[in-house]
Structure formats: structure tokens, C-alpha cells
Amino acid sequence: MANTGAVLDAEENPNTEVQKNRVLTLEEWQEKWVNHKIAFHQERGHQLLKKHLDTFLKGAKELRVFFPLCGKAVEMKWFADRGHSVVGVEISELGIREFFMEQNLSYSEEQIMEIPGAKVFKSSSGNISLYCCSLFDLPRANIGKFDRIWDRGALVAINPGDRKRYADTMLSLTRTGFQYLLSVFSYDPTKHAGSVCNIHCLEKVDAFEEGHKSWGIDYIIEKLYLFIEK
């Protein structure tokens, strides 16, 4: 998990400079939630994660699991229901509230003193805590270290110029023996991070849908990688 490049290889996306220089502000991400432009959300949860969940957890109990840019991912409840402690970060307060509402979970909210304007939303059961702030501000809240990180779309969503900083932030949040599960599209992370982790490609699937035709492409591949600390 070191300096990462564009999501699509040059061979798969000839206009790599557009990808490289893409910038989306936090305000624009919030607008996506307000305008319900959240096609990235999967109402049934991520099926590849479900398929490989036992491989990811390895039978461990009471893990701390981190969800970067969590949105209202239903997978958070999967882990919580198995007895694990879930922490997520999301810039959209609307997305966080929708998660608790749609999962029928009661919750409390409080200000985060270390991060002005930020909040944390906690399930009444105590095993789900979602922070509403920039991911890069999160370490200031002293949230501790994690055994597992599930990255579904976070690396993809991060502006390319911030990906080295993102990788450094993720590593700063990991415990010894961590595992990091990453879902990306048409991107080969084995070109990076080789000195830090052993990398296993668990599966790659055809993720092309009708709506992708508007992108000017005729195929898109989703790949699931498991990073295990060396």
C-alpha cells in the first residue's frame, strides 16, 4: 500500500491524464448524497465480500474492522452481527443517518472535540461507530488501530493526487498482523506495496453493466485483492 496510480490502466483507458488530474471536492461528494447520485451503493451488500468473508476473517473473534469512506454500506452490519467492532468514516452525515435508519438501528451522536465540526454516530449496541469528517482528519480523533480494513471503492474515490497520503493513513491505522481487503476496477495493485504486504488476488469478475456504455467503454473488470502483512 504505497503510491497508487490511476484506477484504469492506460491500455484500458486511453485518456489517463483525465483520471490522473481528476479532483472531486468534499462538498461535491456531499451533493451526490443530497441528490441521490449514489449508484455506487449496493443495497444487497458486496457479493464478493460475502463470498470471501471467511477467508478475510479467518475465524477470528472480536476484531476491529475499519470502513474508509463507508457511506451506508450494509456490510458494516454483517461484521457487527458477527460480534466485531466496526468503525467507519464518511463525509456525508446524510449517508450515515440513512445507514442507521435503513438497518433499524438506534444511535446517539456527539461532537468530536479534536476535529472542529465533526461528529461521531454510535449504535446503541456500541459496536458500530461512524465518524462524519474527512478521512484525513480522522487520526486526530485517536480511534486506535484495526485488525481488518474493507476498502470497497475508497481507493477508487480518492483523488489520484491524494492516494499516497491515503495509503499512508491506512497503514497508520493498522495493527500488527492486519489484513486489508481491496475491491478495485481494472487496476493492478501488485505494482505497489510489494515491500509491505503479500498480495493475493481472490477473484476477478465481469462488472460491466448497461450504464457503463455511457462511459465509452465496452468492458470493466472488478478485482478483489487481499493484502496480508509480511
# chains A, B, ... in the order shown; residues from 1 in each chain; ligands from 1
$ closest_atom_pairs --of "region 32-60 of chain A" --to "region 157-181 of chain A" --cutoff "10 Å" --atoms "only C-alpha atoms" --output "Markdown table"
| residue | atom | partner | partner_atom | distance |
| --- | --- | --- | --- | --- |
| A:Leu49 | CA | A:Leu181 | CA | 8.6 |
| A:His52 | CA | A:Leu181 | CA | 9.8 |
| A:Leu53 | CA | A:Leu181 | CA | 9.8 |
| A:Phe56 | CA | A:Gln179 | CA | 7.3 |
| A:Leu57 | CA | A:Gln179 | CA | 8.7 |
$ residues_around --residues "Val120 (chain A)" --least-positions-apart "5" --cutoff "12 Å" --atoms "only C-alpha atoms" --output "PyMOL selection string"
chain A and resi 87-93+96-97+107-115+126+128-133+138+141+143
$ write_last_selection --atoms "C-alpha atoms" --output "PDB file, in the first residue's frame"
ATOM      1  CA  VAL A  87     -15.618   1.922  12.700  1.00  0.00           C
ATOM      2  CA  GLY A  88     -16.363   3.897   9.543  1.00  0.00           C
ATOM      3  CA  VAL A  89     -15.670   7.364   8.220  1.00  0.00           C
ATOM      4  CA  GLU A  90     -17.939   9.233   5.820  1.00  0.00           C
ATOM      5  CA  ILE A  91     -18.138  12.897   4.834  1.00  0.00           C
ATOM      6  CA  SER A  92     -21.913  12.784   4.348  1.00  0.00           C
ATOM      7  CA  GLU A  93     -23.965  12.999   7.527  1.00  0.00           C
ATOM      8  CA  ILE A  96     -24.587   7.922   7.984  1.00  0.00           C
ATOM      9  CA  ARG A  97     -28.109   8.667   9.167  1.00  0.00           C
ATOM     10  CA  TYR A 107     -27.935   5.506  17.734  1.00  0.00           C
ATOM     11  CA  SER A 108     -26.532   8.527  19.520  1.00  0.00           C
ATOM     12  CA  GLU A 109     -24.385  11.340  18.185  1.00  0.00           C
ATOM     13  CA  GLU A 110     -21.765  13.585  19.713  1.00  0.00           C
ATOM     14  CA  GLN A 111     -19.257  16.204  18.683  1.00  0.00           C
ATOM     15  CA  ILE A 112     -15.606  15.251  18.221  1.00  0.00           C
ATOM     16  CA  MET A 113     -13.588  17.752  20.191  1.00  0.00           C
ATOM     17  CA  GLU A 114     -10.332  17.017  18.329  1.00  0.00           C
ATOM     18  CA  ILE A 115     -11.921  17.814  14.929  1.00  0.00           C
ATOM     19  CA  GLY A 126     -21.856   0.111  20.976  1.00  0.00           C
ATOM     20  CA  ILE A 128     -20.690   0.484  15.295  1.00  0.00           C
ATOM     21  CA  SER A 129     -19.137   3.973  15.336  1.00  0.00           C
ATOM     22  CA  LEU A 130     -19.337   6.152  12.233  1.00  0.00           C
ATOM     23  CA  TYR A 131     -17.318   9.354  12.047  1.00  0.00           C
ATOM     24  CA  CYS A 132     -18.593  12.227   9.941  1.00  0.00           C
ATOM     25  CA  CYS A 133     -15.475  14.067   8.816  1.00  0.00           C
ATOM     26  CA  LEU A 138      -9.715  11.028  11.384  1.00  0.00           C
ATOM     27  CA  ALA A 141      -9.686  11.537  16.884  1.00  0.00           C
ATOM     28  CA  ILE A 143      -9.631   5.970  17.061  1.00  0.00           C
TER      29      ILE A 143
END
$ select_by_dssp --residues "region 60-122 of chain A" --states "strand (DSSP E or B)" --output "ChimeraX atom specification"
/A:64-67,85-90,107-111,119-122
$ closest_atom_pairs --of "region 2-116 of chain A" --to "region 197-205 of chain A" --cutoff "10 Å" --atoms "only C-alpha atoms" --output "JSON lines"
{"residue": "A:Leu48", "atom": "CA", "partner": "A:Glu203", "partner_atom": "CA", "distance": 7.9}
{"residue": "A:Lys51", "atom": "CA", "partner": "A:Glu203", "partner_atom": "CA", "distance": 10.0}
{"residue": "A:His52", "atom": "CA", "partner": "A:Leu202", "partner_atom": "CA", "distance": 7.9}
{"residue": "A:Thr55", "atom": "CA", "partner": "A:Leu202", "partner_atom": "CA", "distance": 9.4}
$ closest_atom_pairs --of "region 129-173 of chain A" --to "region 65-84 of chain A" --cutoff "9 Å" --atoms "only C-alpha atoms" --output "tab-separated table"
residue	atom	partner	partner_atom	distance
A:Leu130	CA	A:Cys70	CA	8.3
A:Ser134	CA	A:Leu69	CA	8.9
A:Leu135	CA	A:Pro68	CA	7.2
A:Lys145	CA	A:Phe66	CA	8.9
A:Phe146	CA	A:Val65	CA	5.8
A:Asp147	CA	A:Val65	CA	6.1
A:Arg148	CA	A:Val65	CA	4.8
A:Ile149	CA	A:Phe66	CA	4.7
A:Trp150	CA	A:Phe67	CA	5.5
A:Asp151	CA	A:Pro68	CA	6.3
A:Arg152	CA	A:Pro68	CA	8.2
A:Gly153	CA	A:Leu69	CA	8.0
A:Ala154	CA	A:Leu69	CA	5.6
A:Leu155	CA	A:Pro68	CA	8.8
A:Ala157	CA	A:Leu69	CA	8.5
A:Met170	CA	A:Pro68	CA	8.6
A:Leu173	CA	A:Phe66	CA	8.7
$ atom_distance --atom1 "CA of Ser85 (chain A)" --atom2 "CA of Asn127 (chain A)"
4.7 Å
$ residues_around --residues "Glu31 (chain A)" --least-positions-apart "3" --cutoff "12 Å" --atoms "only C-alpha atoms" --output "MDAnalysis selection string"
chainID A and resid 24:28 34:38 91:95
$ residues_around --residues "Glu209 (chain A)" --least-positions-apart "2" --cutoff "10 Å" --atoms "only C-alpha atoms" --output "mmCIF file with N, CA, C and O atoms, in the first residue's frame"
data_model
loop_
_atom_site.group_PDB
_atom_site.id
_atom_site.type_symbol
_atom_site.label_atom_id
_atom_site.label_comp_id
_atom_site.auth_asym_id
_atom_site.auth_seq_id
_atom_site.Cartn_x
_atom_site.Cartn_y
_atom_site.Cartn_z
ATOM 1 N N ASP A 206 -16.517 -9.996 -14.243
ATOM 2 C CA ASP A 206 -17.044 -9.033 -15.208
ATOM 3 C C ASP A 206 -18.074 -8.163 -14.499
ATOM 4 O O ASP A 206 -19.102 -8.650 -14.041
ATOM 5 N N ALA A 207 -17.805 -6.862 -14.377
ATOM 6 C CA ALA A 207 -18.707 -5.955 -13.672
ATOM 7 C C ALA A 207 -19.407 -4.983 -14.615
ATOM 8 O O ALA A 207 -20.000 -3.997 -14.178
ATOM 9 N N GLY A 211 -25.277 0.768 -17.932
ATOM 10 C CA GLY A 211 -24.959 2.179 -17.704
ATOM 11 C C GLY A 211 -23.521 2.539 -18.024
ATOM 12 O O GLY A 211 -23.209 3.718 -18.251
ATOM 13 N N HIS A 212 -22.629 1.542 -18.054
ATOM 14 C CA HIS A 212 -21.230 1.825 -18.346
ATOM 15 C C HIS A 212 -21.007 2.203 -19.803
ATOM 16 O O HIS A 212 -19.956 2.745 -20.150
ATOM 17 N N LYS A 213 -21.970 1.912 -20.677
ATOM 18 C CA LYS A 213 -21.812 2.265 -22.090
ATOM 19 C C LYS A 213 -21.655 3.775 -22.264
ATOM 20 O O LYS A 213 -20.984 4.229 -23.182
ATOM 21 N N ASP A 218 -16.466 -0.778 -23.291
ATOM 22 C CA ASP A 218 -17.273 -1.963 -23.556
ATOM 23 C C ASP A 218 -16.987 -3.093 -22.581
ATOM 24 O O ASP A 218 -17.523 -4.192 -22.714
ATOM 25 N N TYR A 219 -16.108 -2.875 -21.608
ATOM 26 C CA TYR A 219 -15.927 -3.858 -20.545
ATOM 27 C C TYR A 219 -15.340 -3.186 -19.307
ATOM 28 O O TYR A 219 -14.694 -2.132 -19.400
ATOM 29 N N ILE A 220 -15.581 -3.775 -18.146
ATOM 30 C CA ILE A 220 -14.983 -3.308 -16.900
ATOM 31 C C ILE A 220 -14.878 -4.508 -15.970
ATOM 32 O O ILE A 220 -15.813 -5.293 -15.835
#
$ closest_residue --among "A:Phe99, A:Asp137, A:Leu224, A:Val86" --to "His41 (chain A)" --atoms "only C-alpha atoms"
A:Phe99
$ select_by_dssp --residues "region 120-169 of chain A" --states "helix (DSSP H, G or I)" --output "PDB file with N, CA and C atoms, in the first residue's frame"
ATOM      1  N   LEU A 135     -11.615  11.834   5.925  1.00  0.00           N
ATOM      2  CA  LEU A 135     -10.795  10.694   6.316  1.00  0.00           C
ATOM      3  C   LEU A 135      -9.421  11.129   6.802  1.00  0.00           C
ATOM      4  N   PHE A 136      -8.873  12.167   6.181  1.00  0.00           N
ATOM      5  CA  PHE A 136      -7.531  12.597   6.542  1.00  0.00           C
ATOM      6  C   PHE A 136      -7.481  13.295   7.904  1.00  0.00           C
ATOM      7  N   ASP A 137      -8.627  13.721   8.408  1.00  0.00           N
ATOM      8  CA  ASP A 137      -8.678  14.304   9.754  1.00  0.00           C
ATOM      9  C   ASP A 137      -8.860  13.237  10.829  1.00  0.00           C
ATOM     10  N   LEU A 138      -9.294  12.054  10.429  1.00  0.00           N
ATOM     11  CA  LEU A 138      -9.715  11.028  11.384  1.00  0.00           C
ATOM     12  C   LEU A 138      -8.650  10.634  12.400  1.00  0.00           C
ATOM     13  N   PRO A 139      -7.369  10.476  12.016  1.00  0.00           N
ATOM     14  CA  PRO A 139      -6.378  10.070  13.014  1.00  0.00           C
ATOM     15  C   PRO A 139      -6.300  11.007  14.220  1.00  0.00           C
ATOM     16  N   ARG A 140      -6.715  12.246  14.059  1.00  0.00           N
ATOM     17  CA  ARG A 140      -6.700  13.189  15.186  1.00  0.00           C
ATOM     18  C   ARG A 140      -7.699  12.800  16.260  1.00  0.00           C
ATOM     19  N   ALA A 141      -8.662  11.946  15.915  1.00  0.00           N
ATOM     20  CA  ALA A 141      -9.686  11.537  16.884  1.00  0.00           C
ATOM     21  C   ALA A 141      -9.223  10.356  17.735  1.00  0.00           C
ATOM     22  N   ALA A 154     -13.112   2.996  -1.815  1.00  0.00           N
ATOM     23  CA  ALA A 154     -12.473   4.163  -1.198  1.00  0.00           C
ATOM     24  C   ALA A 154     -11.240   4.591  -1.986  1.00  0.00           C
ATOM     25  N   LEU A 155     -10.357   3.632  -2.287  1.00  0.00           N
ATOM     26  CA  LEU A 155      -9.170   3.963  -3.071  1.00  0.00           C
ATOM     27  C   LEU A 155      -9.555   4.554  -4.414  1.00  0.00           C
ATOM     28  N   VAL A 156     -10.612   4.000  -5.015  1.00  0.00           N
ATOM     29  CA  VAL A 156     -11.087   4.498  -6.307  1.00  0.00           C
ATOM     30  C   VAL A 156     -11.605   5.925  -6.189  1.00  0.00           C
ATOM     31  N   ALA A 157     -12.305   6.214  -5.087  1.00  0.00           N
ATOM     32  CA  ALA A 157     -12.942   7.523  -4.918  1.00  0.00           C
ATOM     33  C   ALA A 157     -11.956   8.628  -4.555  1.00  0.00           C
ATOM     34  N   PRO A 160      -6.700  11.023  -7.315  1.00  0.00           N
ATOM     35  CA  PRO A 160      -5.409  10.383  -7.577  1.00  0.00           C
ATOM     36  C   PRO A 160      -4.219  11.061  -6.907  1.00  0.00           C
ATOM     37  N   GLY A 161      -4.248  12.382  -6.823  1.00  0.00           N
ATOM     38  CA  GLY A 161      -3.143  13.094  -6.186  1.00  0.00           C
ATOM     39  C   GLY A 161      -3.045  12.869  -4.695  1.00  0.00           C
ATOM     40  N   ASP A 162      -4.099  12.315  -4.088  1.00  0.00           N
ATOM     41  CA  ASP A 162      -4.114  12.080  -2.640  1.00  0.00           C
ATOM     42  C   ASP A 162      -3.883  10.621  -2.271  1.00  0.00           C
ATOM     43  N   ARG A 163      -3.641   9.764  -3.230  1.00  0.00           N
ATOM     44  CA  ARG A 163      -3.615   8.324  -2.943  1.00  0.00           C
ATOM     45  C   ARG A 163      -2.401   7.885  -2.121  1.00  0.00           C
ATOM     46  N   LYS A 164      -1.260   8.534  -2.298  1.00  0.00           N
ATOM     47  CA  LYS A 164      -0.108   8.217  -1.447  1.00  0.00           C
ATOM     48  C   LYS A 164      -0.432   8.579   0.003  1.00  0.00           C
ATOM     49  N   ARG A 165      -1.029   9.736   0.204  1.00  0.00           N
ATOM     50  CA  ARG A 165      -1.431  10.156   1.545  1.00  0.00           C
ATOM     51  C   ARG A 165      -2.470   9.203   2.122  1.00  0.00           C
ATOM     52  N   TYR A 166      -3.386   8.756   1.267  1.00  0.00           N
ATOM     53  CA  TYR A 166      -4.411   7.814   1.693  1.00  0.00           C
ATOM     54  C   TYR A 166      -3.780   6.500   2.161  1.00  0.00           C
ATOM     55  N   ALA A 167      -2.852   5.966   1.367  1.00  0.00           N
ATOM     56  CA  ALA A 167      -2.197   4.712   1.723  1.00  0.00           C
ATOM     57  C   ALA A 167      -1.450   4.849   3.043  1.00  0.00           C
ATOM     58  N   ASP A 168      -0.774   5.969   3.233  1.00  0.00           N
ATOM     59  CA  ASP A 168      -0.051   6.204   4.488  1.00  0.00           C
ATOM     60  C   ASP A 168      -1.014   6.266   5.669  1.00  0.00           C
ATOM     61  N   THR A 169      -2.171   6.902   5.458  1.00  0.00           N
ATOM     62  CA  THR A 169      -3.177   6.985   6.520  1.00  0.00           C
ATOM     63  C   THR A 169      -3.694   5.601   6.877  1.00  0.00           C
TER      64      THR A 169
END
